[in-house]
>>> print(open('coords29.cif').read())   # mmCIF, C-alpha atoms
data_protein
loop_
_atom_site.group_PDB
_atom_site.id
_atom_site.type_symbol
_atom_site.label_atom_id
_atom_site.label_comp_id
_atom_site.auth_asym_id
_atom_site.auth_seq_id
_atom_site.Cartn_x
_atom_site.Cartn_y
_atom_site.Cartn_z
ATOM 1 C CA MET N 21 -28.285 27.270 -11.999
ATOM 2 C CA SER N 22 -25.073 26.027 -10.394
ATOM 3 C CA GLU N 23 -21.880 28.066 -10.322
ATOM 4 C CA GLY N 24 -20.115 25.451 -12.485
ATOM 5 C CA THR N 25 -22.814 25.729 -15.196
ATOM 6 C CA ARG N 26 -22.608 29.537 -15.255
ATOM 7 C CA ASN N 27 -18.810 29.398 -15.557
ATOM 8 C CA THR N 28 -19.055 26.911 -18.411
ATOM 9 C CA ARG N 29 -21.517 29.126 -20.318
ATOM 10 C CA ARG N 30 -19.321 32.185 -19.810
ATOM 11 C CA PHE N 31 -16.353 30.185 -21.081
ATOM 12 C CA CYS N 32 -18.195 29.059 -24.210
ATOM 13 C CA GLY N 33 -19.449 32.580 -24.877
ATOM 14 C CA ALA N 34 -15.956 33.994 -24.601
ATOM 15 C CA SER N 35 -14.687 31.401 -27.060
ATOM 16 C CA SER N 36 -17.344 32.371 -29.619
ATOM 17 C CA SER N 37 -16.483 36.066 -29.436
ATOM 18 C CA GLY N 38 -12.756 35.433 -29.630
ATOM 19 C CA ALA N 39 -12.771 32.817 -32.378
ATOM 20 C CA ALA N 40 -11.846 35.325 -35.085
ATOM 21 C CA GLY N 41 -8.599 36.239 -33.375
ATOM 22 C CA GLY N 42 -7.833 32.605 -32.578
ATOM 23 C CA SER N 43 -5.699 33.475 -29.583
ATOM 24 C CA GLY N 44 -8.117 34.391 -26.777
ATOM 25 C CA ILE N 45 -8.392 32.535 -23.520
ATOM 26 C CA GLY N 46 -11.567 30.791 -24.621
ATOM 27 C CA SER N 47 -10.806 30.250 -28.301
ATOM 28 C CA ALA N 48 -12.120 27.142 -29.998
ATOM 29 C CA SER N 49 -8.603 26.074 -30.913
ATOM 30 C CA PHE N 50 -7.600 26.342 -27.272
ATOM 31 C CA ARG N 51 -10.473 24.091 -26.128
ATOM 32 C CA GLU N 52 -9.238 21.461 -28.557
ATOM 33 C CA GLY N 53 -5.685 21.806 -27.289
ATOM 34 C CA GLY N 54 -4.271 23.450 -30.407
ATOM 35 C CA GLY N 55 -4.056 27.141 -29.387
ATOM 36 C CA GLY N 56 -2.569 29.358 -26.723
ATOM 37 C CA GLY N 57 -4.080 30.514 -23.485
ATOM 38 C CA VAL N 58 -3.686 29.897 -19.798
ATOM 39 C CA GLY N 59 -3.904 26.512 -18.134
ATOM 40 C CA VAL N 60 -6.523 27.660 -15.640
ATOM 41 C CA ALA N 61 -9.185 27.932 -18.332
ATOM 42 C CA ARG N 62 -8.467 24.459 -19.624
ATOM 43 C CA ALA N 63 -8.565 22.999 -16.116
ATOM 44 C CA SER N 64 -11.944 24.658 -15.594
ATOM 45 C CA ASP N 65 -13.189 23.132 -18.848
ATOM 46 C CA VAL N 66 -12.024 19.623 -17.962
ATOM 47 C CA ASN N 67 -12.818 19.359 -14.264
ATOM 48 C CA THR N 68 -16.478 20.359 -14.265
ATOM 49 C CA GLY N 69 -19.561 18.296 -13.536
ATOM 50 C CA ILE N 70 -19.283 14.561 -14.076
ATOM 51 C CA GLN N 71 -15.796 14.939 -15.556
ATOM 52 C CA ASP N 72 -14.404 16.126 -12.200
ATOM 53 C CA GLU N 73 -12.303 13.243 -10.878
ATOM 54 C CA HIS N 74 -13.442 13.871 -7.304
ATOM 55 C CA VAL N 75 -17.097 13.701 -8.338
ATOM 56 C CA LEU N 76 -16.459 10.506 -10.309
ATOM 57 C CA ALA N 77 -14.647 8.939 -7.372
ATOM 58 C CA LEU N 78 -17.618 9.661 -5.104
ATOM 59 C CA VAL N 79 -20.052 8.258 -7.663
ATOM 60 C CA PHE N 80 -18.119 5.013 -8.060
ATOM 61 C CA ARG N 81 -17.570 4.694 -4.325
ATOM 62 C CA SER N 82 -21.343 4.782 -3.904
ATOM 63 C CA ILE N 83 -21.666 1.750 -6.237
ATOM 64 C CA ASN N 84 -18.684 -0.067 -4.693
ATOM 65 C CA PHE N 85 -16.493 0.613 -7.737
ATOM 66 C CA ASP N 86 -18.394 -1.670 -10.081
ATOM 67 C CA PRO N 87 -15.725 -2.772 -12.607
ATOM 68 C CA LYS N 88 -18.213 -3.211 -15.464
ATOM 69 C CA ALA N 89 -19.574 0.301 -14.970
ATOM 70 C CA LEU N 90 -16.034 1.670 -14.812
ATOM 71 C CA CYS N 91 -15.168 -0.073 -18.089
ATOM 72 C CA THR N 92 -18.185 1.541 -19.700
ATOM 73 C CA VAL N 93 -17.326 5.028 -18.436
ATOM 74 C CA ALA N 94 -13.705 4.698 -19.567
ATOM 75 C CA CYS N 95 -14.938 4.031 -23.121
ATOM 76 C CA VAL N 96 -17.067 7.197 -23.361
ATOM 77 C CA CYS N 97 -14.320 9.680 -24.257
ATOM 78 C CA ARG N 98 -10.625 10.362 -23.849
ATOM 79 C CA ARG N 99 -11.110 12.649 -20.846
ATOM 80 C CA LEU N 100 -13.035 10.076 -18.848
ATOM 81 C CA ARG N 101 -10.546 7.410 -19.847
ATOM 82 C CA ALA N 102 -7.714 9.618 -18.571
ATOM 83 C CA VAL N 103 -9.506 10.126 -15.237
ATOM 84 C CA ALA N 104 -10.101 6.378 -14.955
ATOM 85 C CA GLU N 105 -6.434 5.582 -15.608
ATOM 86 C CA ARG N 106 -5.184 8.320 -13.292
ATOM 87 C CA VAL N 107 -7.545 7.798 -10.346
ATOM 88 C CA LEU N 108 -10.434 5.369 -10.625
ATOM 89 C CA TRP N 109 -8.673 2.065 -11.370
ATOM 90 C CA ARG N 110 -6.343 2.632 -8.430
ATOM 91 C CA GLU N 111 -9.257 3.437 -6.142
ATOM 92 C CA LEU N 112 -11.075 0.310 -7.341
ATOM 93 C CA CYS N 113 -8.084 -1.901 -6.488
ATOM 94 C CA ILE N 114 -7.665 -0.322 -3.053
ATOM 95 C CA SER N 115 -11.393 -0.562 -2.304
ATOM 96 C CA ARG N 116 -11.905 -4.161 -3.451
ATOM 97 C CA ALA N 117 -8.623 -5.813 -2.373
ATOM 98 C CA PRO N 118 -7.115 -3.565 0.322
ATOM 99 C CA ARG N 119 -4.797 -6.092 1.980
ATOM 100 C CA MET N 120 -3.532 -7.497 -1.282
ATOM 101 C CA VAL N 121 -2.844 -4.013 -2.651
ATOM 102 C CA ALA N 122 -1.186 -2.950 0.594
ATOM 103 C CA THR N 123 1.142 -5.949 0.356
ATOM 104 C CA LEU N 124 1.949 -5.348 -3.307
ATOM 105 C CA THR N 125 2.710 -1.665 -2.704
ATOM 106 C CA GLY N 126 4.581 -2.216 0.550
ATOM 107 C CA ALA N 127 2.059 -0.285 2.669
ATOM 108 C CA ALA N 128 1.015 -1.325 6.160
ATOM 109 C CA ALA N 129 -1.841 -3.839 6.217
ATOM 110 C CA GLY N 130 -3.252 -3.280 9.697
ATOM 111 C CA GLY N 131 -6.939 -2.819 10.341
ATOM 112 C CA ASN N 132 -6.605 0.957 10.831
ATOM 113 C CA ALA N 133 -3.715 1.418 8.410
ATOM 114 C CA PRO N 134 -3.919 4.269 5.894
ATOM 115 C CA ALA N 135 -4.555 3.512 2.240
ATOM 116 C CA PRO N 136 -1.527 2.862 0.017
ATOM 117 C CA PRO N 137 0.065 6.017 -1.371
ATOM 118 C CA PRO N 138 -1.183 7.196 -4.774
ATOM 119 C CA GLY N 139 1.922 6.026 -6.555
ATOM 120 C CA ARG N 140 2.469 3.755 -9.500
ATOM 121 C CA ILE N 141 2.475 0.004 -9.626
ATOM 122 C CA VAL N 142 4.442 -2.017 -12.147
ATOM 123 C CA GLY N 143 2.225 -2.734 -15.133
ATOM 124 C CA GLY N 144 -0.244 -0.007 -14.147
ATOM 125 C CA TRP N 145 -3.417 0.090 -12.051
ATOM 126 C CA PRO N 146 -5.736 -0.735 -14.987
ATOM 127 C CA ALA N 147 -3.843 -3.991 -15.560
ATOM 128 C CA LEU N 148 -4.049 -4.943 -11.874
ATOM 129 C CA ALA N 149 -7.784 -4.155 -11.810
ATOM 130 C CA LYS N 150 -8.331 -6.350 -14.862
ATOM 131 C CA LEU N 151 -6.324 -9.152 -13.255
ATOM 132 C CA LEU N 152 -8.506 -9.004 -10.130
ATOM 133 C CA PHE N 153 -11.801 -9.408 -11.990
ATOM 134 C CA PHE N 154 -11.088 -10.957 -15.385
ATOM 135 C CA CYS N 155 -10.289 -14.591 -16.160
ATOM 136 C CA CYS N 156 -8.144 -14.733 -19.294
ATOM 137 C CA GLY N 157 -9.588 -18.081 -20.392
ATOM 138 C CA ALA N 158 -7.603 -20.835 -22.060
ATOM 139 C CA ALA N 159 -7.550 -20.127 -25.780
ATOM 140 C CA PRO N 160 -4.309 -22.016 -26.606
ATOM 141 C CA ALA N 161 -5.332 -25.181 -24.748
ATOM 142 C CA ALA N 162 -9.062 -25.070 -25.481
ATOM 143 C CA ALA N 163 -11.661 -22.741 -26.949
ATOM 144 C CA VAL N 164 -12.325 -20.979 -23.637
ATOM 145 C CA PRO N 165 -12.788 -17.201 -23.985
ATOM 146 C CA GLY N 166 -11.965 -14.682 -21.280
ATOM 147 C CA HIS N 167 -14.744 -13.422 -19.011
ATOM 148 C CA PHE N 168 -15.508 -11.481 -15.832
ATOM 149 C CA THR N 169 -15.443 -13.644 -12.711
ATOM 150 C CA ALA N 170 -18.161 -13.466 -10.095
ATOM 151 C CA SER N 171 -15.650 -14.068 -7.294
ATOM 152 C CA SER N 172 -11.892 -14.659 -7.087
ATOM 153 C CA ARG N 173 -9.535 -15.614 -4.285
ATOM 154 C CA PHE N 174 -5.817 -14.817 -4.447
ATOM 155 C CA SER N 175 -3.412 -16.577 -2.105
ATOM 156 C CA LYS N 176 0.247 -16.128 -1.218
ATOM 157 C CA THR N 177 0.266 -19.739 -0.073
ATOM 158 C CA SER N 178 -0.753 -20.836 -3.568
ATOM 159 C CA GLY N 179 1.858 -18.490 -4.965
ATOM 160 C CA ARG N 180 4.651 -20.249 -3.080
ATOM 161 C CA SER N 181 3.688 -23.469 -4.837
ATOM 162 C CA PHE N 182 4.545 -21.836 -8.170
ATOM 163 C CA LEU N 183 8.044 -20.786 -7.114
ATOM 164 C CA SER N 184 11.084 -22.968 -7.583
ATOM 165 C CA ARG N 185 13.221 -23.691 -4.528
ATOM 166 C CA ARG N 186 15.743 -21.004 -5.447
ATOM 167 C CA CYS N 187 12.993 -18.372 -5.770
ATOM 168 C CA ARG N 188 11.015 -19.085 -2.587
ATOM 169 C CA GLY N 189 11.907 -15.649 -1.219
ATOM 170 C CA ASP N 190 9.672 -13.955 -3.807
ATOM 171 C CA LEU N 191 6.117 -12.924 -3.002
ATOM 172 C CA LEU N 192 3.505 -14.089 -5.493
ATOM 173 C CA TYR N 193 -0.285 -14.014 -5.368
ATOM 174 C CA VAL N 194 -2.064 -16.703 -7.422
ATOM 175 C CA SER N 195 -5.791 -17.175 -7.846
ATOM 176 C CA ASP N 196 -7.699 -20.395 -7.473
ATOM 177 C CA PRO N 197 -8.250 -21.943 -10.919
ATOM 178 C CA CYS N 198 -11.386 -20.875 -12.750
ATOM 179 C CA GLU N 199 -12.871 -24.147 -14.000
ATOM 180 C CA HIS N 200 -14.319 -24.482 -17.505
ATOM 181 C CA ALA N 201 -16.002 -27.462 -19.096
ATOM 182 C CA VAL N 202 -14.717 -28.243 -22.600
ATOM 183 C CA ALA N 203 -16.980 -29.847 -25.178
ATOM 184 C CA GLY N 204 -15.802 -33.336 -26.099
ATOM 185 C CA ALA N 205 -13.287 -33.542 -23.241
ATOM 186 C CA ASP N 206 -13.582 -35.664 -20.120
ATOM 187 C CA ASP N 207 -11.654 -33.215 -17.957
ATOM 188 C CA ASP N 208 -12.130 -29.521 -17.185
ATOM 189 C CA VAL N 209 -9.679 -26.745 -17.993
ATOM 190 C CA GLY N 210 -8.572 -24.494 -15.155
ATOM 191 C CA ALA N 211 -7.405 -20.945 -15.863
ATOM 192 C CA TYR N 212 -5.467 -19.060 -13.195
ATOM 193 C CA ARG N 213 -3.702 -15.734 -12.837
ATOM 194 C CA GLY N 214 -1.493 -13.897 -10.391
ATOM 195 C CA VAL N 215 0.954 -11.083 -9.751
ATOM 196 C CA PHE N 216 4.448 -10.729 -8.225
ATOM 197 C CA ARG N 217 5.440 -8.054 -5.754
ATOM 198 C CA GLY N 218 8.525 -6.151 -6.915
ATOM 199 C CA PHE N 219 9.090 -8.384 -9.934
ATOM 200 C CA MET N 220 11.960 -6.280 -11.291
ATOM 201 C CA ARG N 221 13.995 -7.148 -8.174
ATOM 202 C CA SER N 222 12.707 -10.711 -7.790
ATOM 203 C CA ARG N 223 14.770 -13.887 -7.816
ATOM 204 C CA THR N 224 12.415 -15.326 -10.436
ATOM 205 C CA ARG N 225 13.326 -12.607 -12.921
ATOM 206 C CA ALA N 226 17.013 -12.939 -12.046
ATOM 207 C CA CYS N 227 16.855 -16.674 -12.758
ATOM 208 C CA LEU N 228 15.090 -16.113 -16.085
ATOM 209 C CA VAL N 229 17.676 -13.547 -17.134
ATOM 210 C CA GLY N 230 20.535 -15.703 -15.847
ATOM 211 C CA ARG N 231 19.306 -18.673 -17.868
ATOM 212 C CA GLN N 232 18.916 -16.409 -20.902
ATOM 213 C CA ALA N 233 15.342 -17.601 -21.272
ATOM 214 C CA ALA N 234 13.782 -16.328 -24.484
ATOM 215 C CA LEU N 235 10.556 -14.346 -24.489
ATOM 216 C CA ASP N 236 7.688 -16.230 -26.097
ATOM 217 C CA ALA N 237 7.057 -14.979 -29.632
ATOM 218 C CA ARG N 238 3.385 -16.003 -29.751
ATOM 219 C CA VAL N 239 1.904 -15.073 -26.388
ATOM 220 C CA ARG N 240 1.309 -11.668 -24.831
ATOM 221 C CA CYS N 241 0.152 -10.803 -21.331
ATOM 222 C CA PRO N 242 -3.668 -10.569 -21.397
ATOM 223 C CA TYR N 243 -3.567 -7.875 -18.698
ATOM 224 C CA CYS N 244 -0.909 -5.362 -19.756
ATOM 225 C CA GLY N 245 0.019 -6.535 -23.255
ATOM 226 C CA ALA N 246 3.690 -7.047 -22.423
ATOM 227 C CA ARG N 247 5.830 -9.925 -23.664
ATOM 228 C CA VAL N 248 6.026 -13.059 -21.548
ATOM 229 C CA TRP N 249 8.359 -15.859 -20.564
ATOM 230 C CA SER N 250 7.106 -19.434 -20.707
ATOM 231 C CA MET N 251 8.038 -20.905 -17.352
ATOM 232 C CA VAL N 252 7.567 -24.394 -18.810
ATOM 233 C CA ALA N 253 10.118 -23.703 -21.561
ATOM 234 C CA ALA N 254 12.466 -22.179 -18.973
ATOM 235 C CA GLY N 255 12.199 -25.316 -16.798
ATOM 236 C CA MET N 256 11.037 -23.336 -13.752
ATOM 237 C CA VAL N 257 7.710 -25.009 -12.935
ATOM 238 C CA PRO N 258 7.968 -26.998 -9.680
ATOM 239 C CA ARG N 259 5.871 -30.114 -9.154
ATOM 240 C CA SER N 260 4.148 -28.379 -6.281
ATOM 241 C CA ALA N 261 2.320 -26.227 -8.872
ATOM 242 C CA TRP N 262 0.613 -29.274 -10.391
ATOM 243 C CA ARG N 263 -0.257 -30.620 -6.951
ATOM 244 C CA ARG N 264 -1.628 -27.284 -5.784
ATOM 245 C CA LEU N 265 -3.870 -26.946 -8.829
ATOM 246 C CA GLY N 266 -4.906 -30.594 -8.863
ATOM 247 C CA ALA N 267 -3.717 -30.848 -12.468
ATOM 248 C CA TYR N 268 -2.169 -33.558 -14.595
ATOM 249 C CA GLU N 269 1.612 -33.348 -14.627
ATOM 250 C CA GLY N 270 2.877 -32.127 -17.965
ATOM 251 C CA ARG N 271 -0.476 -30.573 -18.936
ATOM 252 C CA LEU N 272 0.064 -27.086 -17.604
ATOM 253 C CA GLU N 273 0.935 -23.731 -19.162
ATOM 254 C CA TYR N 274 2.487 -21.021 -17.029
ATOM 255 C CA TYR N 275 3.552 -17.573 -18.285
ATOM 256 C CA VAL N 276 5.040 -14.547 -16.534
ATOM 257 C CA CYS N 277 5.243 -11.169 -18.273
ATOM 258 C CA VAL N 278 8.028 -8.617 -17.907
ATOM 259 C CA SER N 279 5.738 -6.575 -15.589
ATOM 260 C CA GLY N 280 5.253 -9.501 -13.201
ATOM 261 C CA HIS N 281 1.743 -10.644 -14.144
ATOM 262 C CA LEU N 282 1.196 -14.389 -14.240
ATOM 263 C CA HIS N 283 -1.365 -16.341 -16.218
ATOM 264 C CA GLY N 284 -1.792 -19.935 -17.294
ATOM 265 C CA ASN N 285 -4.089 -22.887 -17.668
ATOM 266 C CA CYS N 286 -4.082 -26.590 -16.909
ATOM 267 C CA TRP N 287 -6.173 -29.734 -17.323
ATOM 268 C CA LEU N 288 -7.701 -30.542 -13.972
ATOM 269 C CA ALA N 289 -7.649 -34.117 -12.710
ATOM 270 C CA ARG N 290 -10.864 -35.523 -11.320
ATOM 271 C CA LEU N 291 -10.575 -36.207 -7.593
ATOM 272 C CA THR N 292 -12.373 -38.823 -5.542
ATOM 273 C CA ASP N 293 -14.408 -37.673 -2.547
ATOM 274 C CA SER N 294 -11.702 -38.750 -0.109
ATOM 275 C CA GLU N 295 -8.989 -36.906 -2.046
ATOM 276 C CA GLY N 296 -11.124 -33.778 -2.217
ATOM 277 C CA ASP N 297 -11.737 -33.795 1.551
ATOM 278 C CA HIS N 298 -8.044 -34.260 2.237
ATOM 279 C CA GLY N 299 -7.169 -31.406 -0.100
ATOM 280 C CA ASP N 300 -9.614 -29.093 1.654
ATOM 281 C CA ARG N 301 -8.039 -29.833 5.038
ATOM 282 C CA ASP N 302 -4.573 -29.126 3.696
ATOM 283 C CA SER N 303 -5.723 -25.839 2.199
ATOM 284 C CA ASP N 304 -7.403 -24.696 5.400
ATOM 285 C CA SER N 305 -4.343 -25.448 7.485
ATOM 286 C CA ASP N 306 -2.034 -22.943 5.820
ATOM 287 C CA ASP N 307 -4.234 -20.426 4.008
ATOM 288 C CA GLY N 308 -5.867 -17.310 5.331
ATOM 289 C CA ASP N 309 -9.586 -16.725 5.395
ATOM 290 C CA ALA N 310 -11.285 -16.351 2.028
ATOM 291 C CA ASP N 311 -12.512 -12.859 2.911
ATOM 292 C CA GLY N 312 -9.013 -11.449 3.152
ATOM 293 C CA GLY N 313 -8.199 -12.444 6.729
ATOM 294 C CA ALA N 314 -4.947 -13.880 7.958
ATOM 295 C CA SER N 315 -4.190 -17.235 9.477
ATOM 296 C CA ASN N 316 -3.018 -17.325 13.066
ATOM 297 C CA GLU N 317 0.024 -19.422 12.323
ATOM 298 C CA GLY N 318 1.714 -18.272 9.177
ATOM 299 C CA GLY N 319 0.260 -14.804 8.706
ATOM 300 C CA SER N 320 -0.655 -15.714 5.152
ATOM 301 C CA GLU N 321 -2.926 -12.949 3.944
ATOM 302 C CA ASP N 322 -5.255 -13.721 1.065
ATOM 303 C CA GLY N 323 -7.195 -11.411 -1.200
ATOM 304 C CA HIS N 324 -10.854 -12.052 -2.046
ATOM 305 C CA VAL N 325 -12.669 -9.987 -4.642
ATOM 306 C CA ALA N 326 -16.216 -10.255 -5.971
ATOM 307 C CA LEU N 327 -18.290 -8.385 -8.540
#
>>> encode(input="coords29.cif", output="structure tokens")
Amino acid sequence: MSEGTRNTRRFCGASSSGAAGGSGIGSASFREGGGGGVGVARASDVNTGIQDEHVLALVFRSINFDPKALCTVACVCRRLRAVAERVLWRELCISRAPRMVATLTGAAAGGNAPAPPPGRIVGGWPALAKLLFFCCGAAPAAAVPGHFTASSRFSKTSGRSFLSRRCRGDLLYVSDPCEHAVAGADDDVGAYRGVFRGFMRSRTRACLVGRQAALDARVRCPYCGARVWSMVAAGMVPRSAWRRLGAYEGRLEYYVCVSGHLHGNCWLARLTDSEGDHGDRDSDSDDGDADGGASNEGGSEDGHVAL
């Protein structure tokens, strides 16, 4: 029998003997958080076995921080959900998209650089993890539900295409569009998502506030639940966004939430073979490698994540 198991049994036995008084170290009311006692006993009760955050981190590291498994564990009970929100979602983001996370948190992105500090990120680590692996679909434009993506590529080069000329100093990651066929439609719908670095201090937010752009009353951020601005209604969608996505002009939705998460959808134009080849050459010339590498010219680091 392990030492942790013996300690747990002693703790439970003490609670049974002291239940009549209701104020002992191991009382039942204390285990539920309603009575007195010392914090050491509660910590021992929480951080034992599989509920120990260090043990959980090792378990998930061994399965490469599978996001579906982590979602399942976070739904088991409040304690495991708290551990996931405090530790595991952050570790998942750092493990699966290290360069992207290092850029968003301001940490060094060298090959031997240390991991980003265990601080907070605007919107929270669970929201960023969901953004990395979950396509929000295109419910307003078409009946396309959200879903996990098998692989996603986030690019700062694509992000620059979504910034107006006045806001080009901001740093924005945007994913390649996730294409969905729509029944009865000739064209496909593309759903995309992204995230700003330091959105609270960004020029994009300053422009939205300066223009007194109203928050959309119908749409919420699918990643953190915050209210959003419609960039179309605010008149802040450059034509380069349509060109970058290969979408029809005027058939694009583009939202940014108050935490700096971006999501949207568009109707994708069908390209001829010659146009597709030309587009691929343009993309290769200024983007980094799809596996998270950097280009030799512009230093444009991309993030690539896969289930």
>>> residues_near_point(input="coords29.cif", point="(1.9, -15.1, -11.2)", cutoff="9 Å", atoms="only C-alpha atoms", output="list of chain:residue names")
N:Gly179, N:Phe182, N:Leu192, N:Tyr193, N:Val194, N:Ser195, N:Tyr212, N:Arg213, N:Gly214, N:Val215, N:Phe216, N:Tyr274, N:Tyr275, N:Val276, N:Cys277, N:Gly280, N:His281, N:Leu282, N:His283, N:Gly284
>>> closest_residue(input="coords29.cif", among="N:Cys244, N:Cys187, N:Val239, N:Ala170", to="Met256 in chain N", atoms="only C-alpha atoms")
N:Cys187
>>> residues_around(input="coords29.cif", residues="Val202 in chain N", least_positions_apart="6", cutoff="8 Å", atoms="all atoms listed in the file", output="MDAnalysis selection string")
chainID N and resid 162:164 208:209
>>> resolve_selection(input="coords29.cif", expression="the PyMOL selection byres ((chain N and resi 106-110) around 8)", output="PyMOL selection string")
chain N and resi 73+76-77+90+102-105+111-114+138+145-146+149
>>> residues_around(input="coords29.cif", residues="Ala201 in chain N", least_positions_apart="2", cutoff="12 Å", atoms="all atoms listed in the file", output="compact mmCIF listing (two decimals) with C-alpha atoms, in the frame of the given file")
# COMPACT_ATOMS: atom_id res chain seq x y z
CA GLY N 157 -9.59 -18.08 -20.39
CA ALA N 158 -7.60 -20.84 -22.06
CA ALA N 162 -9.06 -25.07 -25.48
CA ALA N 163 -11.66 -22.74 -26.95
CA VAL N 164 -12.32 -20.98 -23.64
CA PRO N 165 -12.79 -17.20 -23.98
CA CYS N 198 -11.39 -20.88 -12.75
CA GLU N 199 -12.87 -24.15 -14.00
CA ALA N 203 -16.98 -29.85 -25.18
CA GLY N 204 -15.80 -33.34 -26.10
CA ALA N 205 -13.29 -33.54 -23.24
CA ASP N 206 -13.58 -35.66 -20.12
CA ASP N 207 -11.65 -33.22 -17.96
CA ASP N 208 -12.13 -29.52 -17.18
CA VAL N 209 -9.68 -26.74 -17.99
CA GLY N 210 -8.57 -24.49 -15.16
CA ALA N 211 -7.40 -20.94 -15.86
CA TRP N 287 -6.17 -29.73 -17.32
CA LEU N 288 -7.70 -30.54 -13.97
>>> residues_around(input="coords29.cif", residues="Leu265 in chain N", least_positions_apart="3", cutoff="8 Å", atoms="all atoms listed in the file", output="ChimeraX atom specification")
/N:196-197,261-262,288
>>> closest_residue(input="coords29.cif", among="N:Ala289, N:Val75, N:Cys241, N:Ala117", to="Gly266 in chain N", atoms="all atoms listed in the file")
N:Ala289
>>> resolve_selection(input="coords29.cif", expression="the PyMOL selection byres ((chain N and resi 186) around 10)", output="PyMOL selection string")
chain N and resi 183-185+187-190+223-224+227+256
>>> residues_around(input="coords29.cif", residues="Ile141 in chain N", least_positions_apart="3", cutoff="9 Å", atoms="all atoms listed in the file", output="number ranges by chain")
N: 124-125, 144-145, 148
>>> write_last_selection(input="coords29.cif", atoms="C-alpha atoms", output="PDB file, keeping the file's coordinate frame")
ATOM      1  CA  LEU N 124       1.949  -5.348  -3.307  1.00  0.00           C
ATOM      2  CA  THR N 125       2.710  -1.665  -2.704  1.00  0.00           C
ATOM      3  CA  GLY N 144      -0.244  -0.007 -14.147  1.00  0.00           C
ATOM      4  CA  TRP N 145      -3.417   0.090 -12.051  1.00  0.00           C
ATOM      5  CA  LEU N 148      -4.049  -4.943 -11.874  1.00  0.00           C
TER       6      LEU N 148
END
>>> atom_distance(input="coords29.cif", atom1="CA of Lys150 in chain N", atom2="CA of Lys88 in chain N")
10.4 Å
>>> axis_aligned_box(input="coords29.cif", around="range 201-215 of chain N", padding_each_side="4 Å", output="AutoDock Vina command-line options")
--center_x -8.0 --center_y -23.4 --center_z -17.9 --size_x 25.9 --size_y 32.6 --size_z 24.3
>>> residues_near_point(input="coords29.cif", point="(2.2, -32.6, -12.8)", cutoff="9 Å", atoms="only C-alpha atoms", output="PyMOL selection string")
chain N and resi 258-263+266-272
>>> write_last_selection(input="coords29.cif", atoms="C-alpha atoms", output="PDB file, keeping the file's coordinate frame")
ATOM      1  CA  PRO N 258       7.968 -26.998  -9.680  1.00  0.00           C
ATOM      2  CA  ARG N 259       5.871 -30.114  -9.154  1.00  0.00           C
ATOM      3  CA  SER N 260       4.148 -28.379  -6.281  1.00  0.00           C
ATOM      4  CA  ALA N 261       2.320 -26.227  -8.872  1.00  0.00           C
ATOM      5  CA  TRP N 262       0.613 -29.274 -10.391  1.00  0.00           C
ATOM      6  CA  ARG N 263      -0.257 -30.620  -6.951  1.00  0.00           C
ATOM      7  CA  GLY N 266      -4.906 -30.594  -8.863  1.00  0.00           C
ATOM      8  CA  ALA N 267      -3.717 -30.848 -12.468  1.00  0.00           C
ATOM      9  CA  TYR N 268      -2.169 -33.558 -14.595  1.00  0.00           C
ATOM     10  CA  GLU N 269       1.612 -33.348 -14.627  1.00  0.00           C
ATOM     11  CA  GLY N 270       2.877 -32.127 -17.965  1.00  0.00           C
ATOM     12  CA  ARG N 271      -0.476 -30.573 -18.936  1.00  0.00           C
ATOM     13  CA  LEU N 272       0.064 -27.086 -17.604  1.00  0.00           C
TER      14      LEU N 272
END
>>> atom_distance(input="coords29.cif", atom1="CA of Ser115 in chain N", atom2="CA of Asn84 in chain N")
7.7 Å
>>> atom_distance(input="coords29.cif", atom1="CA of His167 in chain N", atom2="CA of His324 in chain N")
17.5 Å
>>> closest_residue(input="coords29.cif", among="N:Thr123, N:Ser181, N:Ser250, N:Ser175", to="Leu235 in chain N", atoms="only C-alpha atoms")
N:Ser250
>>> closest_residue(input="coords29.cif", among="N:Leu191, N:Val79, N:Val93, N:Leu152", to="Pro118 in chain N", atoms="all atoms listed in the file")
N:Leu152
